[in-house]
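Text of upload-v9.pdb (PDB, C-alpha atoms and all ligand atoms) as supplied:
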```pdb
ATOM      1  CA  MET Z  11      87.646 118.286 114.877
ATOM      2  CA  ASN Z  12      88.392 121.604 113.213
ATOM      3  CA  ASP Z  13      85.137 123.622 113.071
ATOM      4  CA  SER Z  14      86.635 126.578 111.133
ATOM      5  CA  PRO Z  15      84.570 128.033 108.243
ATOM      6  CA  PRO Z  16      84.678 125.815 105.141
ATOM      7  CA  PRO Z  17      85.548 126.973 101.606
ATOM      8  CA  ARG Z  18      82.479 128.638 100.067
ATOM      9  CA  PRO Z  19      80.373 125.993  98.211
ATOM     10  CA  ARG Z  20      80.088 126.476  94.439
ATOM     11  CA  ARG Z  21      76.483 125.297  94.474
ATOM     12  CA  LEU Z  22      74.009 124.002  97.036
ATOM     13  CA  VAL Z  23      71.630 121.061  96.935
ATOM     14  CA  LEU Z  24      69.028 119.443  99.157
ATOM     15  CA  LEU Z  25      69.335 115.635  99.074
ATOM     16  CA  GLY Z  26      66.233 113.589  99.901
ATOM     17  CA  HIS Z  27      63.831 111.005  98.521
ATOM     18  CA  PRO Z  28      61.030 111.485  97.800
ATOM     19  CA  LEU Z  29      61.323 115.231  98.156
ATOM     20  CA  GLY Z  30      57.754 116.337  97.547
ATOM     21  CA  HIS Z  31      57.174 119.885  98.725
ATOM     22  CA  THR Z  32      60.112 121.346 100.643
ATOM     23  CA  LEU Z  33      60.577 124.789 102.159
ATOM     24  CA  SER Z  34      64.392 124.667 102.177
ATOM     25  CA  PRO Z  35      64.992 126.226  98.713
ATOM     26  CA  ILE Z  36      62.526 129.004  99.618
ATOM     27  CA  LEU Z  37      64.231 129.767 102.953
ATOM     28  CA  HIS Z  38      67.766 129.635 101.599
ATOM     29  CA  GLY Z  39      66.899 131.506  98.412
ATOM     30  CA  ALA Z  40      65.321 134.366 100.402
ATOM     31  CA  ALA Z  41      68.195 134.736 102.867
ATOM     32  CA  MET Z  42      70.906 134.467 100.208
ATOM     33  CA  ARG Z  43      69.203 137.062  98.025
ATOM     34  CA  ALA Z  44      68.930 139.378 101.040
ATOM     35  CA  SER Z  45      72.651 138.933 101.737
ATOM     36  CA  GLY Z  46      73.767 139.285  98.100
ATOM     37  CA  ILE Z  47      75.002 135.673  97.919
ATOM     38  CA  ASP Z  48      74.686 134.421  94.358
ATOM     39  CA  VAL Z  49      74.825 130.620  94.736
ATOM     40  CA  ALA Z  50      72.145 128.290  93.354
ATOM     41  CA  TYR Z  51      70.225 126.050  95.820
ATOM     42  CA  ARG Z  52      68.363 123.162  94.183
ATOM     43  CA  ALA Z  53      66.327 120.271  95.557
ATOM     44  CA  LEU Z  54      67.757 116.965  94.288
ATOM     45  CA  ASP Z  55      65.568 113.885  94.564
ATOM     46  CA  VAL Z  56      68.093 111.065  94.998
ATOM     47  CA  PRO Z  57      67.031 107.428  95.471
ATOM     48  CA  GLN Z  58      69.144 105.414  97.923
ATOM     49  CA  GLN Z  59      70.977 103.510  95.162
ATOM     50  CA  ASP Z  60      72.209 106.774  93.592
ATOM     51  CA  LEU Z  61      73.385 108.443  96.799
ATOM     52  CA  ASP Z  62      77.069 107.407  96.648
ATOM     53  CA  ALA Z  63      77.525 108.461  93.018
ATOM     54  CA  THR Z  64      75.720 111.749  93.689
ATOM     55  CA  LEU Z  65      77.975 112.517  96.653
ATOM     56  CA  ASP Z  66      81.077 111.725  94.561
ATOM     57  CA  ALA Z  67      79.901 114.202  91.922
ATOM     58  CA  LEU Z  68      79.147 116.848  94.559
ATOM     59  CA  VAL Z  69      82.639 116.492  96.040
ATOM     60  CA  ARG Z  70      84.168 116.876  92.550
ATOM     61  CA  ASP Z  71      82.095 120.062  92.096
ATOM     62  CA  GLY Z  72      82.988 121.545  95.498
ATOM     63  CA  ALA Z  73      79.266 121.678  96.328
ATOM     64  CA  GLY Z  74      77.522 121.833  99.695
ATOM     65  CA  GLY Z  75      73.986 121.411 100.897
ATOM     66  CA  ASN Z  76      71.385 119.916 103.180
ATOM     67  CA  VAL Z  77      70.174 116.371 103.698
ATOM     68  CA  THR Z  78      66.703 115.210 104.594
ATOM     69  CA  ILE Z  79      64.757 111.956 104.976
ATOM     70  CA  PRO Z  80      65.895 109.225 104.333
ATOM     71  CA  HIS Z  81      69.585 110.068 103.787
ATOM     72  CA  LYS Z  82      70.736 111.742 107.024
ATOM     73  CA  VAL Z  83      72.323 108.622 108.540
ATOM     74  CA  ALA Z  84      73.762 107.342 105.237
ATOM     75  CA  VAL Z  85      75.443 110.700 104.553
ATOM     76  CA  ALA Z  86      76.885 110.730 108.092
ATOM     77  CA  ARG Z  87      78.469 107.337 107.339
ATOM     78  CA  ARG Z  88      79.908 108.629 104.046
ATOM     79  CA  CYS Z  89      81.463 111.820 105.469
ATOM     80  CA  THR Z  90      85.193 111.841 106.062
ATOM     81  CA  ARG Z  91      84.789 114.408 108.835
ATOM     82  CA  LEU Z  92      81.882 115.054 111.191
ATOM     83  CA  THR Z  93      81.332 117.927 113.592
ATOM     84  CA  HIS Z  94      80.872 116.940 117.233
ATOM     85  CA  VAL Z  95      77.082 117.364 117.121
ATOM     86  CA  ALA Z  96      76.725 115.382 113.885
ATOM     87  CA  GLU Z  97      78.701 112.603 115.540
ATOM     88  CA  ARG Z  98      76.460 112.696 118.629
ATOM     89  CA  ALA Z  99      73.257 112.771 116.570
ATOM     90  CA  GLY Z 100      74.587 110.080 114.203
ATOM     91  CA  ALA Z 101      73.082 112.062 111.337
ATOM     92  CA  VAL Z 102      74.005 114.861 108.933
ATOM     93  CA  ASN Z 103      71.635 117.564 107.695
ATOM     94  CA  THR Z 104      74.300 119.978 106.394
ATOM     95  CA  PHE Z 105      77.485 119.245 104.451
ATOM     96  CA  TRP Z 106      80.230 120.914 102.496
ATOM     97  CA  CYS Z 107      83.467 119.941 100.789
ATOM     98  CA  ASP Z 108      86.909 120.872 102.022
ATOM     99  CA  GLY Z 109      88.984 119.855  98.995
ATOM    100  CA  GLU Z 110      88.317 116.127  98.602
ATOM    101  CA  THR Z 111      86.953 115.868 102.136
ATOM    102  CA  LEU Z 112      83.210 115.567 102.652
ATOM    103  CA  VAL Z 113      82.383 117.292 105.948
ATOM    104  CA  GLY Z 114      79.075 116.678 107.753
ATOM    105  CA  ASP Z 115      77.338 118.813 110.363
ATOM    106  CA  ASN Z 116      73.931 118.686 112.032
ATOM    107  CA  THR Z 117      72.282 122.080 112.426
ATOM    108  CA  ASP Z 118      68.999 120.470 113.538
ATOM    109  CA  VAL Z 119      70.767 120.204 116.920
ATOM    110  CA  GLY Z 120      71.550 123.918 117.189
ATOM    111  CA  GLY Z 121      68.221 124.741 115.516
ATOM    112  CA  PHE Z 122      66.274 122.911 118.208
ATOM    113  CA  ASP Z 123      68.445 124.387 120.950
ATOM    114  CA  ARG Z 124      67.941 127.985 119.833
ATOM    115  CA  ALA Z 125      64.221 127.642 119.157
ATOM    116  CA  ALA Z 126      63.653 125.937 122.519
ATOM    117  CA  ARG Z 127      65.679 128.528 124.430
ATOM    118  CA  ALA Z 128      63.624 131.296 122.825
ATOM    119  CA  LEU Z 129      60.350 129.655 123.900
ATOM    120  CA  LEU Z 130      61.662 128.941 127.396
ATOM    121  CA  ARG Z 131      63.335 132.338 127.711
ATOM    122  CA  ASP Z 132      66.548 130.545 128.659
ATOM    123  CA  GLU Z 133      65.012 129.032 131.801
ATOM    124  CA  LEU Z 134      66.006 125.512 130.913
ATOM    125  CA  PRO Z 135      63.975 122.701 132.522
ATOM    126  CA  THR Z 136      65.620 119.579 133.886
ATOM    127  CA  ARG Z 137      62.737 117.083 133.406
ATOM    128  CA  ILE Z 138      62.091 116.610 129.705
ATOM    129  CA  ALA Z 139      59.948 114.113 127.788
ATOM    130  CA  VAL Z 140      60.816 113.311 124.173
ATOM    131  CA  LEU Z 141      58.231 111.431 122.102
ATOM    132  CA  GLY Z 142      59.807 109.596 119.153
ATOM    133  CA  ALA Z 143      63.130 107.899 118.475
ATOM    134  CA  GLY Z 144      63.899 108.679 114.821
ATOM    135  CA  GLY Z 145      66.450 111.065 113.342
ATOM    136  CA  ALA Z 146      64.755 114.188 114.679
ATOM    137  CA  ALA Z 147      64.635 112.773 118.215
ATOM    138  CA  ALA Z 148      68.372 111.964 117.980
ATOM    139  CA  GLY Z 149      69.057 115.622 117.145
ATOM    140  CA  VAL Z 150      66.939 116.754 120.104
ATOM    141  CA  LEU Z 151      68.803 114.408 122.456
ATOM    142  CA  ALA Z 152      72.139 115.691 121.145
ATOM    143  CA  ALA Z 153      70.990 119.240 122.010
ATOM    144  CA  LEU Z 154      69.619 118.267 125.430
ATOM    145  CA  GLU Z 155      72.914 116.579 126.280
ATOM    146  CA  ALA Z 156      74.354 120.087 126.696
ATOM    147  CA  TRP Z 157      71.547 121.428 128.921
ATOM    148  CA  PRO Z 158      72.678 121.543 132.560
ATOM    149  CA  ASN Z 159      71.248 118.684 134.672
ATOM    150  CA  ALA Z 160      68.708 117.740 131.998
ATOM    151  CA  ARG Z 161      67.133 114.314 132.550
ATOM    152  CA  VAL Z 162      65.415 113.134 129.393
ATOM    153  CA  ARG Z 163      62.734 110.444 129.260
ATOM    154  CA  VAL Z 164      62.180 108.931 125.806
ATOM    155  CA  TRP Z 165      59.011 107.222 124.633
ATOM    156  CA  ASN Z 166      58.582 105.652 121.205
ATOM    157  CA  ARG Z 167      55.893 103.526 119.562
ATOM    158  CA  SER Z 168      58.549 100.863 118.959
ATOM    159  CA  ALA Z 169      59.991 100.580 122.461
ATOM    160  CA  GLU Z 170      63.261  98.937 121.387
ATOM    161  CA  ARG Z 171      64.092 101.970 119.240
ATOM    162  CA  ALA Z 172      63.617 104.269 122.251
ATOM    163  CA  ALA Z 173      65.889 102.013 124.306
ATOM    164  CA  SER Z 174      68.699 102.000 121.745
ATOM    165  CA  LEU Z 175      68.488 105.774 121.170
ATOM    166  CA  ALA Z 176      68.482 106.556 124.906
ATOM    167  CA  ALA Z 177      71.455 104.222 125.435
ATOM    168  CA  ARG Z 178      73.606 106.592 123.344
ATOM    169  CA  PHE Z 179      73.134 109.471 125.831
ATOM    170  CA  THR Z 180      74.058 109.364 129.509
ATOM    171  CA  ASN Z 181      71.176 111.678 130.504
ATOM    172  CA  ALA Z 182      68.416 109.841 128.553
ATOM    173  CA  PHE Z 183      66.204 106.954 129.698
ATOM    174  CA  PRO Z 184      63.470 105.033 127.879
ATOM    175  CA  GLY Z 185      60.033 104.717 129.461
ATOM    176  CA  GLY Z 186      56.331 104.048 129.023
ATOM    177  CA  PHE Z 187      54.087 106.803 127.646
ATOM    178  CA  ASP Z 188      52.413 107.872 130.935
ATOM    179  CA  ASP Z 189      55.637 107.458 132.806
ATOM    180  CA  VAL Z 190      57.754 109.790 130.635
ATOM    181  CA  LEU Z 191      55.059 112.474 130.688
ATOM    182  CA  SER Z 192      54.218 112.277 134.379
ATOM    183  CA  ASP Z 193      56.495 115.007 135.754
ATOM    184  CA  ALA Z 194      57.808 116.604 132.544
ATOM    185  CA  GLU Z 195      58.412 120.357 132.471
ATOM    186  CA  LEU Z 196      58.949 120.231 128.706
ATOM    187  CA  VAL Z 197      57.331 117.794 126.252
ATOM    188  CA  VAL Z 198      58.832 117.502 122.752
ATOM    189  CA  ASN Z 199      57.002 115.758 119.929
ATOM    190  CA  ALA Z 200      59.661 114.281 117.638
ATOM    191  CA  THR Z 201      57.292 111.781 116.028
ATOM    192  CA  SER Z 202      55.590 112.507 112.725
ATOM    193  CA  ILE Z 203      52.135 112.446 114.367
ATOM    194  CA  GLY Z 204      50.189 115.477 113.153
ATOM    195  CA  LEU Z 205      52.130 115.840 109.916
ATOM    196  CA  ARG Z 206      49.423 114.541 107.605
ATOM    197  CA  ASP Z 207      46.247 114.712 109.695
ATOM    198  CA  ASP Z 208      44.893 116.292 112.874
ATOM    199  CA  ALA Z 209      46.098 113.500 115.188
ATOM    200  CA  MET Z 210      47.779 114.719 118.378
ATOM    201  CA  PRO Z 211      50.751 113.027 120.076
ATOM    202  CA  THR Z 212      49.151 113.442 123.539
ATOM    203  CA  GLU Z 213      45.787 114.291 124.964
ATOM    204  CA  MET Z 214      45.750 117.531 126.944
ATOM    205  CA  ARG Z 215      44.999 115.756 130.200
ATOM    206  CA  ALA Z 216      48.233 113.750 129.803
ATOM    207  CA  LEU Z 217      50.320 116.946 129.916
ATOM    208  CA  PRO Z 218      51.520 118.129 133.322
ATOM    209  CA  ARG Z 219      49.845 121.460 134.095
ATOM    210  CA  ARG Z 220      52.813 123.769 133.606
ATOM    211  CA  ALA Z 221      54.666 121.815 130.933
ATOM    212  CA  ALA Z 222      55.932 123.699 127.874
ATOM    213  CA  VAL Z 223      55.250 122.002 124.555
ATOM    214  CA  ILE Z 224      57.432 121.855 121.441
ATOM    215  CA  ASP Z 225      56.165 120.144 118.306
ATOM    216  CA  LEU Z 226      58.854 119.508 115.695
ATOM    217  CA  VAL Z 227      56.067 119.057 113.172
ATOM    218  CA  TYR Z 228      54.957 122.197 111.340
ATOM    219  CA  ARG Z 229      52.164 122.974 108.926
ATOM    220  CA  ARG Z 230      50.055 125.891 107.818
ATOM    221  CA  GLY Z 231      48.373 127.522 110.810
ATOM    222  CA  GLU Z 232      50.325 125.480 113.426
ATOM    223  CA  THR Z 233      49.589 121.889 114.428
ATOM    224  CA  PRO Z 234      46.383 121.071 116.338
ATOM    225  CA  TRP Z 235      48.526 119.895 119.283
ATOM    226  CA  VAL Z 236      50.265 123.266 119.587
ATOM    227  CA  ARG Z 237      47.055 125.262 119.120
ATOM    228  CA  THR Z 238      45.168 123.158 121.673
ATOM    229  CA  ALA Z 239      48.013 123.179 124.200
ATOM    230  CA  ARG Z 240      48.194 126.971 124.046
ATOM    231  CA  LEU Z 241      44.438 127.194 124.599
ATOM    232  CA  HIS Z 242      44.994 125.075 127.717
ATOM    233  CA  GLY Z 243      47.561 127.552 129.040
ATOM    234  CA  HIS Z 244      50.793 125.821 127.963
ATOM    235  CA  ARG Z 245      53.672 127.678 126.364
ATOM    236  CA  ALA Z 246      53.764 126.006 122.961
ATOM    237  CA  MET Z 247      55.649 126.212 119.677
ATOM    238  CA  ASP Z 248      55.611 124.238 116.431
ATOM    239  CA  GLY Z 249      58.621 123.246 114.302
ATOM    240  CA  LEU Z 250      58.883 126.377 112.163
ATOM    241  CA  ALA Z 251      61.295 128.216 114.464
ATOM    242  CA  MET Z 252      63.588 125.173 114.469
ATOM    243  CA  LEU Z 253      63.301 124.934 110.692
ATOM    244  CA  VAL Z 254      64.378 128.551 110.273
ATOM    245  CA  GLU Z 255      67.196 128.252 112.819
ATOM    246  CA  GLN Z 256      68.649 125.071 111.299
ATOM    247  CA  ALA Z 257      68.576 126.713 107.860
ATOM    248  CA  ALA Z 258      70.182 129.914 109.177
ATOM    249  CA  LEU Z 259      72.910 127.956 110.967
ATOM    250  CA  ALA Z 260      73.588 125.931 107.792
ATOM    251  CA  GLN Z 261      73.973 129.120 105.775
ATOM    252  CA  GLU Z 262      76.365 130.489 108.400
ATOM    253  CA  ARG Z 263      78.444 127.298 108.109
ATOM    254  CA  TRP Z 264      78.694 127.670 104.305
ATOM    255  CA  PHE Z 265      79.245 131.420 104.039
ATOM    256  CA  GLY Z 266      80.169 132.722 107.519
ATOM    257  CA  GLY Z 267      78.508 135.908 108.830
ATOM    258  CA  VAL Z 268      74.964 136.011 110.147
ATOM    259  CA  ALA Z 269      72.178 134.597 107.977
ATOM    260  CA  ASP Z 270      69.187 136.835 107.360
ATOM    261  CA  ARG Z 271      66.516 135.167 109.514
ATOM    262  CA  ALA Z 272      64.029 137.999 108.899
ATOM    263  CA  ALA Z 273      64.164 137.274 105.157
ATOM    264  CA  MET Z 274      63.516 133.589 105.917
ATOM    265  CA  TRP Z 275      60.493 134.396 108.104
ATOM    266  CA  ALA Z 276      59.112 136.757 105.453
ATOM    267  CA  ALA Z 277      59.429 133.995 102.834
ATOM    268  CA  LEU Z 278      57.695 131.560 105.207
ATOM    269  CA  ASP Z 279      54.875 134.032 105.816
ATOM    270  CA  ALA Z 280      54.301 134.133 102.095
ATOM    271  CA  HIS Z 281      54.346 130.346 101.702
ATOM    272  CA  VAL Z 282      52.998 128.923 104.975
ATOM    273  CA  GLY Z 283      51.161 131.803 106.606
TER     274      GLY Z 283
HETATM  275  P1  LIG R 301      61.761 109.318 111.311
HETATM  276  O1  LIG R 301      61.043 108.647 110.201
HETATM  277  O2  LIG R 301      63.221 109.061 111.530
HETATM  278  O3  LIG R 301      61.010 108.959 112.696
HETATM  279  C1  LIG R 301      59.604 109.022 112.799
HETATM  280  C2  LIG R 301      59.205 108.882 114.267
HETATM  281  O4  LIG R 301      57.780 109.049 114.357
HETATM  282  C3  LIG R 301      59.521 107.511 114.857
HETATM  283  O5  LIG R 301      59.814 107.674 116.224
HETATM  284  C4  LIG R 301      58.185 106.773 114.670
HETATM  285  O6  LIG R 301      57.989 105.713 115.571
HETATM  286  C5  LIG R 301      57.218 107.885 114.982
HETATM  287  N1  LIG R 301      55.880 107.673 114.437
HETATM  288  C6  LIG R 301      55.484 107.752 113.145
HETATM  289  N2  LIG R 301      54.165 107.519 113.039
HETATM  290  C7  LIG R 301      53.716 107.297 114.312
HETATM  291  C8  LIG R 301      52.441 106.996 114.856
HETATM  292  N3  LIG R 301      51.361 106.877 114.103
HETATM  293  N4  LIG R 301      52.337 106.832 116.197
HETATM  294  C9  LIG R 301      53.430 106.950 116.982
HETATM  295  N5  LIG R 301      54.668 107.227 116.523
HETATM  296  C10 LIG R 301      54.802 107.402 115.197
HETATM  297  O7  LIG R 301      61.465 110.872 111.105
HETATM  298  P2  LIG R 301      62.270 112.100 111.751
HETATM  299  O8  LIG R 301      62.682 111.716 113.117
HETATM  300  O9  LIG R 301      63.311 112.570 110.821
HETATM  301  O10 LIG R 301      61.137 113.234 111.792
HETATM  302  C11 LIG R 301      60.091 113.217 112.758
HETATM  303  C12 LIG R 301      59.263 114.480 112.607
HETATM  304  O11 LIG R 301      60.040 115.622 112.922
HETATM  305  C13 LIG R 301      58.757 114.689 111.164
HETATM  306  O12 LIG R 301      57.401 115.066 111.230
HETATM  307  C14 LIG R 301      59.581 115.820 110.629
HETATM  308  O13 LIG R 301      58.836 116.636 109.743
HETATM  309  C15 LIG R 301      59.894 116.606 111.907
HETATM  310  N6  LIG R 301      61.168 117.336 111.772
HETATM  311  C16 LIG R 301      61.127 118.701 111.930
HETATM  312  C17 LIG R 301      62.277 119.437 111.832
HETATM  313  C18 LIG R 301      62.212 120.922 112.006
HETATM  314  O14 LIG R 301      63.150 121.622 111.640
HETATM  315  N7  LIG R 301      61.141 121.444 112.568
HETATM  316  C19 LIG R 301      63.588 118.815 111.548
HETATM  317  C20 LIG R 301      63.520 117.383 111.425
HETATM  318  C21 LIG R 301      62.334 116.689 111.518
HETATM  319  P3  LIG R 301      58.480 104.208 115.204
HETATM  320  O15 LIG R 301      59.958 104.173 115.493
HETATM  321  O16 LIG R 301      57.693 103.342 116.117
HETATM  322  O17 LIG R 301      58.155 103.996 113.746
END
```

Take the structure in the file and give it back as C-alpha cells.
Amino acid sequence: MNDSPPPRPRRLVLLGHPLGHTLSPILHGAAMRASGIDVAYRALDVPQQDLDATLDALVRDGAGGNVTIPHKVAVARRCTRLTHVAERAGAVNTFWCDGETLVGDNTDVGGFDRAARALLRDELPTRIAVLGAGGAAAGVLAALEAWPNARVRVWNRSAERAASLAARFTNAFPGGFDDVLSDAELVVNATSIGLRDDAMPTEMRALPRRAAVIDLVYRRGETPWVRTARLHGHRAMDGLAMLVEQAALAQERWFGGVADRAAMWAALDAHVG
C-alpha cells in the first residue's frame, strides 16, 4: 500500500473502553505543544456498540487518533486501507482519514522494535521467548518477523491462542512454559501479569542466565519483574520506552517530521516518575 504521509488530522482521539487512566493524551499533548502543533487530542470512551457510528463521524470530521483495548482488532476490520505492519499484526493502534478512506497503522510494532533495539544495542538475538498471545503479543511477533533469523517461541496461558497466533508467522512456534524459556536470549512479557499487582510472569531461576528481559507492562517505578531481573544481572526494560516510541511514531504518521520524544519523556517523568 501507499505509506505516504496522510492529510493532517483536524482533531485526534483515543478510542477505548473502558479508558480509565491513560497516558496517551499527556504524551501527545506534550510533544505537540513542543512542536507548535495546535490540534486537540481527547480520550473517547466508546463502548463496542457505538464504535461503527463513532468511526463514521470521525471520517466525516477528517479526524485521526489512536486505538486501545478492546477496539484494536475491530478497527483493523473497519479500515479501508491498512499498512503492512497493521495487516501482519491484525490490529490497528493508529489511524487517520484520507478523504473518505479510513487508514489503519500499528505503531506498537515499530515502538517495540525501536525500544528493543535500544536495549539490545542492535545486537539482535535469534532465540526469543514471547509470553502471551493477545494483541500486544501479535505486535511483537510482527516486529520480530523482520529480525534476521529470529526464531520465536510463544507461550500463553490458553495454549490454543498461542498456537493460532504462532501459525500466522513463519518464524514463530507455540510451546510449553519451560520449553520456550529454556534457551531464550530475549524474554518478552506480553501478558498483563504485573499490571495490577506484584505478580511476575517468570521466576528468576526460569530465566536463562544471559537472557535480556522486556516487559511490555509499565507502572510507576518499573515492574517487579524488571527490577528483580536487573538485580539478577539481566538487561531489562519495562514498557515505557515502547509506549513513548509508539506515540512518537503515531505523531510522525499524522504530522510528518520528527516527534519530540524528549518532551514525552519529561511529561512521563512528571506523571509516572
Ligand atoms: P490482551 O487482553 O489482548 O491479552 C492479554 C494477555 O495476557 C493474554 O495472552 C492473556 O492470556 C494473558 N494473561 C492475562 N492474565 C494472565 C494471567 N493471570 N496469567 C497468565 N496470562 C495472563 O491484552 P494486550 O495483549 O493488548 O496487552 C497485554 C499487556 O501489554 C497489557 O498489560 C498492556 O498494558 C501491555 N501493552 C503495553 C504496550 C506498551 O506500549 N508498552 C502496548 C500494548 C500493550 P489468555 O489468552 O490465556 O487470557

> Nearest to ligand LIG 301 (chain R): which of Z:Arg124, Z:Arg171, Z:Arg263, Z:Arg161 is it, counting all atoms listed in the file?
Replying inline: Z:Arg171

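For the residues Z:Pro218, Z:Gly145, Z:Gly121, Z:Pro234, ranking by smallest atom-to-atom distance to Met252 in chain Z using all atoms listed in the file places Z:Gly121 first.
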
>> Applying the PyMOL selection byres (((chain Z and resi 282) around 8) and not hetatm) to the file I just gave you, which residues come out? Please list them as a list in words.
In response: Arg229, Arg230, Gly231, Leu278, Asp279, Ala280, His281 and Gly283 of chain Z

> Just so the selection is clear, what residues does the PyMOL selection byres (((chain Z and resi 193-207) around 7) and not hetatm) cover here, as a ChimeraX atom specification?
Replying inline: /Z:135,137-142,146-147,191-192,208-211,218,220-227,233

Report, as JSON, the axis-aligned box around all atoms of ligand LIG 301 (chain R) present in the file, extended by 4 Å on each side; give centre and edge lengths in Å to one decimal place.
```
{"center_x": 57.5, "center_y": 112.5, "center_z": 113.4, "size_x": 20.2, "size_y": 26.3, "size_z": 15.2}
```

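Distance annotation: of Z:His244, Z:Arg167, Z:Arg20, Z:Arg219, the residue with the minimal separation from ligand LIG 301 (chain R) is Z:Arg167; atom set is all atoms listed in the file.
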
Give me range 101-108 of chain Z from this structure - all heavy atoms, as a PDB file, in the first residue's frame.
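Contents of the output file part29.pdb:
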```pdb
ATOM      1  N   ALA Z 101      -4.173  -5.774  13.786  1.00  0.00           N
ATOM      2  CA  ALA Z 101      -4.683  -4.818  14.773  1.00  0.00           C
ATOM      3  C   ALA Z 101      -4.201  -3.421  14.400  1.00  0.00           C
ATOM      4  O   ALA Z 101      -3.133  -3.264  13.797  1.00  0.00           O
ATOM      5  CB  ALA Z 101      -4.170  -5.181  16.164  1.00  0.00           C
ATOM      6  N   VAL Z 102      -5.008  -2.424  14.791  1.00  0.00           N
ATOM      7  CA  VAL Z 102      -4.683  -1.024  14.497  1.00  0.00           C
ATOM      8  C   VAL Z 102      -4.594  -0.257  15.809  1.00  0.00           C
ATOM      9  O   VAL Z 102      -5.479  -0.360  16.654  1.00  0.00           O
ATOM     10  CB  VAL Z 102      -5.790  -0.420  13.583  1.00  0.00           C
ATOM     11  CG1 VAL Z 102      -5.826   1.081  13.664  1.00  0.00           C
ATOM     12  CG2 VAL Z 102      -5.581  -0.878  12.148  1.00  0.00           C
ATOM     13  N   ASN Z 103      -3.496   0.482  15.993  1.00  0.00           N
ATOM     14  CA  ASN Z 103      -3.432   1.372  17.170  1.00  0.00           C
ATOM     15  C   ASN Z 103      -3.370   2.837  16.762  1.00  0.00           C
ATOM     16  O   ASN Z 103      -3.423   3.715  17.619  1.00  0.00           O
ATOM     17  CB  ASN Z 103      -2.238   1.015  18.075  1.00  0.00           C
ATOM     18  CG  ASN Z 103      -0.955   1.648  17.599  1.00  0.00           C
ATOM     19  OD1 ASN Z 103      -0.737   1.797  16.398  1.00  0.00           O
ATOM     20  ND2 ASN Z 103      -0.102   2.037  18.525  1.00  0.00           N
ATOM     21  N   THR Z 104      -3.245   3.090  15.447  1.00  0.00           N
ATOM     22  CA  THR Z 104      -3.135   4.465  14.939  1.00  0.00           C
ATOM     23  C   THR Z 104      -3.919   4.563  13.634  1.00  0.00           C
ATOM     24  O   THR Z 104      -3.781   3.670  12.790  1.00  0.00           O
ATOM     25  CB  THR Z 104      -1.646   4.806  14.662  1.00  0.00           C
ATOM     26  OG1 THR Z 104      -0.920   4.702  15.892  1.00  0.00           O
ATOM     27  CG2 THR Z 104      -1.467   6.206  14.103  1.00  0.00           C
ATOM     28  N   PHE Z 105      -4.728   5.606  13.488  1.00  0.00           N
ATOM     29  CA  PHE Z 105      -5.493   5.734  12.240  1.00  0.00           C
ATOM     30  C   PHE Z 105      -5.566   7.191  11.826  1.00  0.00           C
ATOM     31  O   PHE Z 105      -5.291   8.104  12.613  1.00  0.00           O
ATOM     32  CB  PHE Z 105      -6.908   5.149  12.401  1.00  0.00           C
ATOM     33  CG  PHE Z 105      -7.772   5.921  13.347  1.00  0.00           C
ATOM     34  CD1 PHE Z 105      -8.611   6.949  12.884  1.00  0.00           C
ATOM     35  CD2 PHE Z 105      -7.741   5.677  14.701  1.00  0.00           C
ATOM     36  CE1 PHE Z 105      -9.401   7.694  13.755  1.00  0.00           C
ATOM     37  CE2 PHE Z 105      -8.520   6.417  15.584  1.00  0.00           C
ATOM     38  CZ  PHE Z 105      -9.349   7.413  15.108  1.00  0.00           C
ATOM     39  N   TRP Z 106      -5.934   7.378  10.580  1.00  0.00           N
ATOM     40  CA  TRP Z 106      -6.184   8.713  10.052  1.00  0.00           C
ATOM     41  C   TRP Z 106      -7.136   8.571   8.871  1.00  0.00           C
ATOM     42  O   TRP Z 106      -7.435   7.445   8.440  1.00  0.00           O
ATOM     43  CB  TRP Z 106      -4.873   9.394   9.631  1.00  0.00           C
ATOM     44  CG  TRP Z 106      -4.093   8.645   8.603  1.00  0.00           C
ATOM     45  CD1 TRP Z 106      -4.252   8.684   7.240  1.00  0.00           C
ATOM     46  CD2 TRP Z 106      -3.023   7.709   8.862  1.00  0.00           C
ATOM     47  NE1 TRP Z 106      -3.343   7.836   6.640  1.00  0.00           N
ATOM     48  CE2 TRP Z 106      -2.581   7.233   7.598  1.00  0.00           C
ATOM     49  CE3 TRP Z 106      -2.390   7.236  10.009  1.00  0.00           C
ATOM     50  CZ2 TRP Z 106      -1.542   6.309   7.468  1.00  0.00           C
ATOM     51  CZ3 TRP Z 106      -1.356   6.316   9.879  1.00  0.00           C
ATOM     52  CH2 TRP Z 106      -0.941   5.865   8.620  1.00  0.00           C
ATOM     53  N   CYS Z 107      -7.614   9.690   8.372  1.00  0.00           N
ATOM     54  CA  CYS Z 107      -8.539   9.660   7.242  1.00  0.00           C
ATOM     55  C   CYS Z 107      -7.871  10.282   6.034  1.00  0.00           C
ATOM     56  O   CYS Z 107      -7.251  11.342   6.133  1.00  0.00           O
ATOM     57  CB  CYS Z 107      -9.808  10.440   7.567  1.00  0.00           C
ATOM     58  SG  CYS Z 107     -10.667   9.733   8.965  1.00  0.00           S
ATOM     59  N   ASP Z 108      -7.999   9.608   4.905  1.00  0.00           N
ATOM     60  CA  ASP Z 108      -7.506  10.142   3.645  1.00  0.00           C
ATOM     61  C   ASP Z 108      -8.757  10.344   2.785  1.00  0.00           C
ATOM     62  O   ASP Z 108      -9.212   9.389   2.153  1.00  0.00           O
ATOM     63  CB  ASP Z 108      -6.532   9.125   3.037  1.00  0.00           C
ATOM     64  CG  ASP Z 108      -5.777   9.720   1.880  1.00  0.00           C
ATOM     65  OD1 ASP Z 108      -6.124  10.832   1.450  1.00  0.00           O
ATOM     66  OD2 ASP Z 108      -4.830   9.066   1.399  1.00  0.00           O
TER      67      ASP Z 108
END
```
